[in-house]
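Notes to accompany the following structure.
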Amino acid sequence: MSLYQATASAPVNIACIKYWGKRDTALILPTNSSLSVTLDQDHLRSTTTSRADASFTKDTLWLNGKEEVIKPGGRTAVCIEELRRLRKVAEDANSNEPKISSFKLHIASYNNFPTAAGLASSAAGFAALVSSIAQLYSLDKVLSASQLSLIARQGSGSACRSLMGGFVAWQAGQLADGSDSLAVQVAPREHWPEMHALICVVSDAKKGTSSTSGMQRTVETSPLLQHRINHVVPQRMKDITAAIQARDFPTFARLTMQDSNQFHAVCLDTEPPIFYMNDVSRALVQLVVEYNRAAGEVRAAYTYDAGPNCVIYVLQKHVKEIANLVVRFFPLAETFKDPFALFASEKIGEL
Ligand code: PMV
């Protein structure tokens with residue numbers, strides 16, 4: 001008897017131009033395009049194994065060993081159903097394909113980093129889930145990563161960007177059915193191998209306001225978001241794409257910091273306001289600003305997602321310098337524990 005099983009792993013991505021706001025909450029269509037860097041280290045990954053078997057009585061998901069409810073019509077169910085539908089189409093078209101689309105699935109997913117702490121765990125999680133079921137159903141042979149990103153997007157918006165490596169744009173699209181709201185690779189990792197991301201874990205506690213409810217509140221109440229969508233992000237997407245293509249670090253870094261600042265300003269402009277950064281986060285902003293000022297050039301860029309943790313983009317030649325500074329000013333960094341820990345970039349381990 002054949003075993004129908006596949007395992008896939010996907011890394012976290014960290015946005016430089018942030019996605020914040022949905023124009024369609026069911027299909028997860030964003031109010032603006034976004035752009036991220038997919039991390040390629042082993043530290044921040046989700047790994048998912050999916051198995052189909054005639055004996056299974058219901059689709060079941062375990063997240064870090066704990067069973068999660070798959071809500072009918074919920075995001076996980078939507079991803080599974082769409083992949084199952086595509087598998088059924090393939091089976092109907094080719095009678096040699098084993099008829100496994102009618103089997104229920106058992107899915108086990110592990111994150112090797114804190115879940116829901118502003119480290120984009122849902123992005124890696126849904127990207128790994130979609131990849132593993134796509135492999136199980138042999139859909140990865142007929143669909144491109146961009147096509148699969150349409151499905152991962154419906155799990156968690158930012159997940160669509162984790163299906164590709166390097167520098168990835170999520171094009172907001174215009175169509176009401178979402179068929180043009182997908183991820184495309186702007187440049188592969190090898191295009192700019194000197195680029196590093198330092199992940200500074202300020203806190204691994206679960207975040208207070210989920211991105212889903214936070215975004216909804218922002219869309220409903222923030223006038224600044226409208227300005228951002230219409231007058232800021234379109235040009236920023238063009239400028240950062242050009243900076244990546246030209247490997248222009250100072251421009252890339254300035255745009256990344258500006259966009260992080262505006263995302264958190266939009267959170268503050270929300271009613272009631274949302275605070276994701278804390279005092280340690282703000283101290284790290286100052287550290288990066290002072291570092292760049294003292295260097296007389298922009299050598300590092302901070303960015304913060306929906307949590308207090310800091311990601312610092314820096315070129316390889318300056319990794320040691322900035323990492324030493326972080327460790328000097330936040331001595332607990334070396335201990336890898338709360339309230340501050342530092343990990344990621346392999347280069348850090350070599351210091
Ligand atoms: O995909 P979600 O719902 O986890 O939203 C992610 C939003 C940010 O991380 C704050 C920004 C981004 O573009 O990843």
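Ordered as shown in the structure tokens, chains take letters A, B, and onward, while each chain numbers its residues from 1 and ligands are numbered from 1 in the order shown.
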
What are the nearest atom pairs, with distances in Å to one decimal, for all residues of chain A that come at most 7 Å from ligand 1, using only C-alpha atoms and all ligand atoms, set out by chain and rising residue number as a tab-separated table?
```
residue	atom	partner	partner_atom_place_in_ligand_line	distance
A:Ile14	CA	ligand 1	14 (O)	6.0
A:Ala15	CA	ligand 1	13 (O)	4.7
A:Ile17	CA	ligand 1	13 (O)	6.6
A:Lys18	CA	ligand 1	13 (O)	3.8
A:Tyr19	CA	ligand 1	13 (O)	3.6
A:Trp20	CA	ligand 1	7 (C)	5.6
A:Ser34	CA	ligand 1	13 (O)	5.9
A:Gly118	CA	ligand 1	9 (O)	6.9
A:Ala120	CA	ligand 1	4 (O)	5.8
A:Ser122	CA	ligand 1	4 (O)	5.6
A:Ala123	CA	ligand 1	1 (O)	6.0
A:Ser156	CA	ligand 1	1 (O)	4.4
A:Gly157	CA	ligand 1	1 (O)	4.0
A:Ser158	CA	ligand 1	1 (O)	3.7
A:Ala159	CA	ligand 1	1 (O)	6.1
A:Ser211	CA	ligand 1	3 (O)	4.9
A:Thr212	CA	ligand 1	3 (O)	5.6
A:Asp305	CA	ligand 1	10 (C)	4.1
A:Ala306	CA	ligand 1	10 (C)	4.5
```

Quiz item: Could you pull out the alpha helix (DSSP H) residues of stretch 35-141 of chain A from DSSP and send them as a count of residues only?
Solution: 35

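Using only C-alpha atoms, the shortest contact distance between A:Gly73 and any of A:Asn94, A:Gln154, A:Thr218, A:Ser102 is found at A:Gln154.
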
Self-check item: Nearest candidate to A:Ser138 (options A:Ser179, A:Thr49, A:Ser55, A:Gln5; using only C-alpha atoms)
Solution: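 Of all the options, A:Gln5 lies closest to A:Ser138.
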
From the DSSP assignment of the backbone, select every residue of stretch 142-248 of chain A that is strand (DSSP E), and format the answer as a PDB file with C-alpha atoms, in the first residue's frame.
```pdb
ATOM      1  CA  GLY A 166      15.301  36.460  -1.731  1.00  0.00           C
ATOM      2  CA  PHE A 167      13.437  39.733  -2.256  1.00  0.00           C
ATOM      3  CA  VAL A 168       9.735  39.228  -2.831  1.00  0.00           C
ATOM      4  CA  ALA A 169       6.917  41.625  -3.724  1.00  0.00           C
ATOM      5  CA  TRP A 170       3.258  40.942  -3.047  1.00  0.00           C
ATOM      6  CA  ALA A 183       3.786  37.213  -4.870  1.00  0.00           C
ATOM      7  CA  VAL A 184       6.615  37.651  -7.364  1.00  0.00           C
ATOM      8  CA  GLN A 185      10.333  37.393  -6.820  1.00  0.00           C
ATOM      9  CA  VAL A 186      12.044  40.762  -7.307  1.00  0.00           C
ATOM     10  CA  ALA A 187      15.540  39.286  -6.987  1.00  0.00           C
ATOM     11  CA  MET A 195      22.560  41.345   2.829  1.00  0.00           C
ATOM     12  CA  HIS A 196      21.992  40.084   6.379  1.00  0.00           C
ATOM     13  CA  ALA A 197      19.152  40.306   8.839  1.00  0.00           C
ATOM     14  CA  LEU A 198      19.777  40.335  12.580  1.00  0.00           C
ATOM     15  CA  ILE A 199      16.751  39.298  14.575  1.00  0.00           C
ATOM     16  CA  CYS A 200      16.697  40.915  17.993  1.00  0.00           C
ATOM     17  CA  VAL A 201      14.068  39.176  20.096  1.00  0.00           C
TER      18      VAL A 201
END
```

Report as an mmCIF file with C-alpha atoms, in the first residue's frame all protein, DNA and RNA residues lying within 10 Å of A:Phe329, evaluated on only C-alpha atoms, omitting residues in the same chain fewer than 6 positions from it.
```cif
data_model
loop_
_atom_site.group_PDB
_atom_site.id
_atom_site.type_symbol
_atom_site.label_atom_id
_atom_site.label_comp_id
_atom_site.auth_asym_id
_atom_site.auth_seq_id
_atom_site.Cartn_x
_atom_site.Cartn_y
_atom_site.Cartn_z
ATOM 1 C CA ALA A 283 16.019 52.148 22.303
ATOM 2 C CA LEU A 284 17.119 49.917 19.421
ATOM 3 C CA LEU A 287 20.992 52.755 18.602
#
```

Quiz item: Which value, in Å to one decimal, gives the distance between atom CA of A:Val89 and atom CA of A:Ser101?
Solution: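 We find that atom CA of A:Val89 and atom CA of A:Ser101 lie 9.4 Å from each other.
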
Exercise. Compile the contact shell of A:Lys71 as a list in words: residues with an atom at most 12 Å away, counting only C-alpha atoms, same-chain residues fewer than 4 positions apart removed.
Key: Lys58, Asp59, Thr60, Leu61, Arg75, Thr76, Ala77, Val78, Cys79 and Ile80 of chain A

Once you have the residues from the selection above, write them out as a PDB file, in the first residue's frame, restricted to N, CA and C atoms.
```pdb
ATOM      1  N   LYS A  58     -11.376  12.776   9.628  1.00  0.00           N
ATOM      2  CA  LYS A  58     -11.529  14.226   9.433  1.00  0.00           C
ATOM      3  C   LYS A  58     -10.150  14.860   9.231  1.00  0.00           C
ATOM      4  N   ASP A  59     -10.155  16.031   8.572  1.00  0.00           N
ATOM      5  CA  ASP A  59      -8.901  16.783   8.440  1.00  0.00           C
ATOM      6  C   ASP A  59      -8.488  17.222   9.835  1.00  0.00           C
ATOM      7  N   THR A  60      -7.236  16.973  10.181  1.00  0.00           N
ATOM      8  CA  THR A  60      -6.767  17.307  11.535  1.00  0.00           C
ATOM      9  C   THR A  60      -5.416  18.002  11.435  1.00  0.00           C
ATOM     10  N   LEU A  61      -5.269  19.057  12.247  1.00  0.00           N
ATOM     11  CA  LEU A  61      -4.021  19.838  12.234  1.00  0.00           C
ATOM     12  C   LEU A  61      -3.433  19.876  13.638  1.00  0.00           C
ATOM     13  N   ARG A  75      -9.524  29.944   7.577  1.00  0.00           N
ATOM     14  CA  ARG A  75      -8.404  30.095   6.632  1.00  0.00           C
ATOM     15  C   ARG A  75      -7.709  28.788   6.291  1.00  0.00           C
ATOM     16  N   THR A  76      -7.491  27.946   7.324  1.00  0.00           N
ATOM     17  CA  THR A  76      -6.829  26.665   7.058  1.00  0.00           C
ATOM     18  C   THR A  76      -7.714  25.823   6.150  1.00  0.00           C
ATOM     19  N   ALA A  77      -9.012  25.791   6.467  1.00  0.00           N
ATOM     20  CA  ALA A  77      -9.952  24.997   5.665  1.00  0.00           C
ATOM     21  C   ALA A  77      -9.984  25.504   4.218  1.00  0.00           C
ATOM     22  N   VAL A  78      -9.924  26.824   4.036  1.00  0.00           N
ATOM     23  CA  VAL A  78      -9.962  27.394   2.680  1.00  0.00           C
ATOM     24  C   VAL A  78      -8.743  26.930   1.872  1.00  0.00           C
ATOM     25  N   CYS A  79      -7.570  26.972   2.511  1.00  0.00           N
ATOM     26  CA  CYS A  79      -6.345  26.533   1.810  1.00  0.00           C
ATOM     27  C   CYS A  79      -6.450  25.054   1.444  1.00  0.00           C
ATOM     28  N   ILE A  80      -6.872  24.224   2.414  1.00  0.00           N
ATOM     29  CA  ILE A  80      -6.972  22.782   2.160  1.00  0.00           C
ATOM     30  C   ILE A  80      -7.974  22.517   1.027  1.00  0.00           C
TER      31      ILE A  80
END
```

Quiz prompt | Distance of atom CA of A:Ser222 from atom CA of A:Ile151, expressed in Å to one decimal place | solution =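 Interatomic distance here is 28.8 Å.
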
Could you pull the residues within 12 Å of A:Ala242, counting only C-alpha atoms, minus those fewer than 3 positions along the same chain, as a PDB file with C-alpha atoms, in the first residue's frame?
```
ATOM      1  CA  PHE A 167      13.437  39.733  -2.256  1.00  0.00           C
ATOM      2  CA  VAL A 186      12.044  40.762  -7.307  1.00  0.00           C
ATOM      3  CA  ALA A 187      15.540  39.286  -6.987  1.00  0.00           C
ATOM      4  CA  GLN A 235       6.261  55.206  -5.153  1.00  0.00           C
ATOM      5  CA  ARG A 236       8.069  53.420  -2.313  1.00  0.00           C
ATOM      6  CA  MET A 237       7.524  50.045  -3.999  1.00  0.00           C
ATOM      7  CA  LYS A 238       9.140  51.393  -7.169  1.00  0.00           C
ATOM      8  CA  ASP A 239      12.010  53.012  -5.279  1.00  0.00           C
ATOM      9  CA  GLN A 245      18.185  45.904  -8.294  1.00  0.00           C
ATOM     10  CA  ALA A 246      21.062  48.408  -7.992  1.00  0.00           C
ATOM     11  CA  ARG A 247      22.215  46.938  -4.638  1.00  0.00           C
ATOM     12  CA  ASP A 248      21.973  50.446  -3.247  1.00  0.00           C
ATOM     13  CA  PHE A 249      22.046  49.771   0.506  1.00  0.00           C
ATOM     14  CA  THR A 251      18.438  53.841  -0.238  1.00  0.00           C
ATOM     15  CA  PHE A 252      17.116  50.377   0.649  1.00  0.00           C
ATOM     16  CA  LEU A 255      13.044  53.311   2.687  1.00  0.00           C
TER      17      LEU A 255
END
```

Exercise. Write out as a list in words the residues lying within 6 Å of stretch 107-114 of chain A, counting only C-alpha atoms and excluding same-chain residues fewer than 3 positions away.
Key: Leu44, Arg45, Ser46, Thr47, Thr48, Thr49, Ser50, Leu61, Trp62, Leu63, Asn64 and Asp204 of chain A

Please produce a file of the residues just selected, as an mmCIF file, in the first residue's frame, where the atoms kept are N, CA and C atoms.
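Saved file again_14.cif follows:
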```cif
data_model
loop_
_atom_site.group_PDB
_atom_site.id
_atom_site.type_symbol
_atom_site.label_atom_id
_atom_site.label_comp_id
_atom_site.auth_asym_id
_atom_site.auth_seq_id
_atom_site.Cartn_x
_atom_site.Cartn_y
_atom_site.Cartn_z
ATOM 1 N N LEU A 44 14.375 30.261 11.777
ATOM 2 C CA LEU A 44 13.000 30.766 11.759
ATOM 3 C C LEU A 44 12.209 30.087 10.655
ATOM 4 N N ARG A 45 11.841 28.843 10.910
ATOM 5 C CA ARG A 45 11.153 28.082 9.865
ATOM 6 C C ARG A 45 9.970 27.326 10.434
ATOM 7 N N SER A 46 9.012 27.089 9.569
ATOM 8 C CA SER A 46 7.939 26.144 9.887
ATOM 9 C C SER A 46 8.153 24.925 9.013
ATOM 10 N N THR A 47 7.958 23.763 9.603
ATOM 11 C CA THR A 47 8.060 22.522 8.838
ATOM 12 C C THR A 47 6.750 21.772 9.001
ATOM 13 N N THR A 48 6.195 21.357 7.886
ATOM 14 C CA THR A 48 4.866 20.735 7.923
ATOM 15 C C THR A 48 4.866 19.423 7.165
ATOM 16 N N THR A 49 4.277 18.417 7.789
ATOM 17 C CA THR A 49 4.092 17.129 7.126
ATOM 18 C C THR A 49 2.600 16.902 6.943
ATOM 19 N N SER A 50 2.220 16.554 5.733
ATOM 20 C CA SER A 50 0.804 16.273 5.442
ATOM 21 C C SER A 50 0.686 14.830 4.965
ATOM 22 N N LEU A 61 -5.269 19.057 12.247
ATOM 23 C CA LEU A 61 -4.021 19.838 12.234
ATOM 24 C C LEU A 61 -3.433 19.876 13.638
ATOM 25 N N TRP A 62 -2.135 19.580 13.736
ATOM 26 C CA TRP A 62 -1.419 19.750 14.998
ATOM 27 C C TRP A 62 -0.385 20.854 14.796
ATOM 28 N N LEU A 63 -0.416 21.830 15.688
ATOM 29 C CA LEU A 63 0.570 22.909 15.627
ATOM 30 C C LEU A 63 1.462 22.780 16.847
ATOM 31 N N ASN A 64 2.731 22.568 16.621
ATOM 32 C CA ASN A 64 3.688 22.300 17.707
ATOM 33 C C ASN A 64 3.159 21.213 18.646
ATOM 34 N N ASP A 204 9.367 37.306 23.531
ATOM 35 C CA ASP A 204 8.729 36.246 22.747
ATOM 36 C C ASP A 204 7.316 35.961 23.264
#
```

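For the pair atom CA of A:Glu190 and atom CA of A:Cys16, the separation is 18.3 Å.
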
Quiz item: For A:Pro98, which residue out of A:Thr209, A:Ser203, A:Ser2, A:Gln216 is the nearest one, using only C-alpha atoms?
Solution: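 Looking at the shortest contact to A:Pro98, the residue is A:Ser2.
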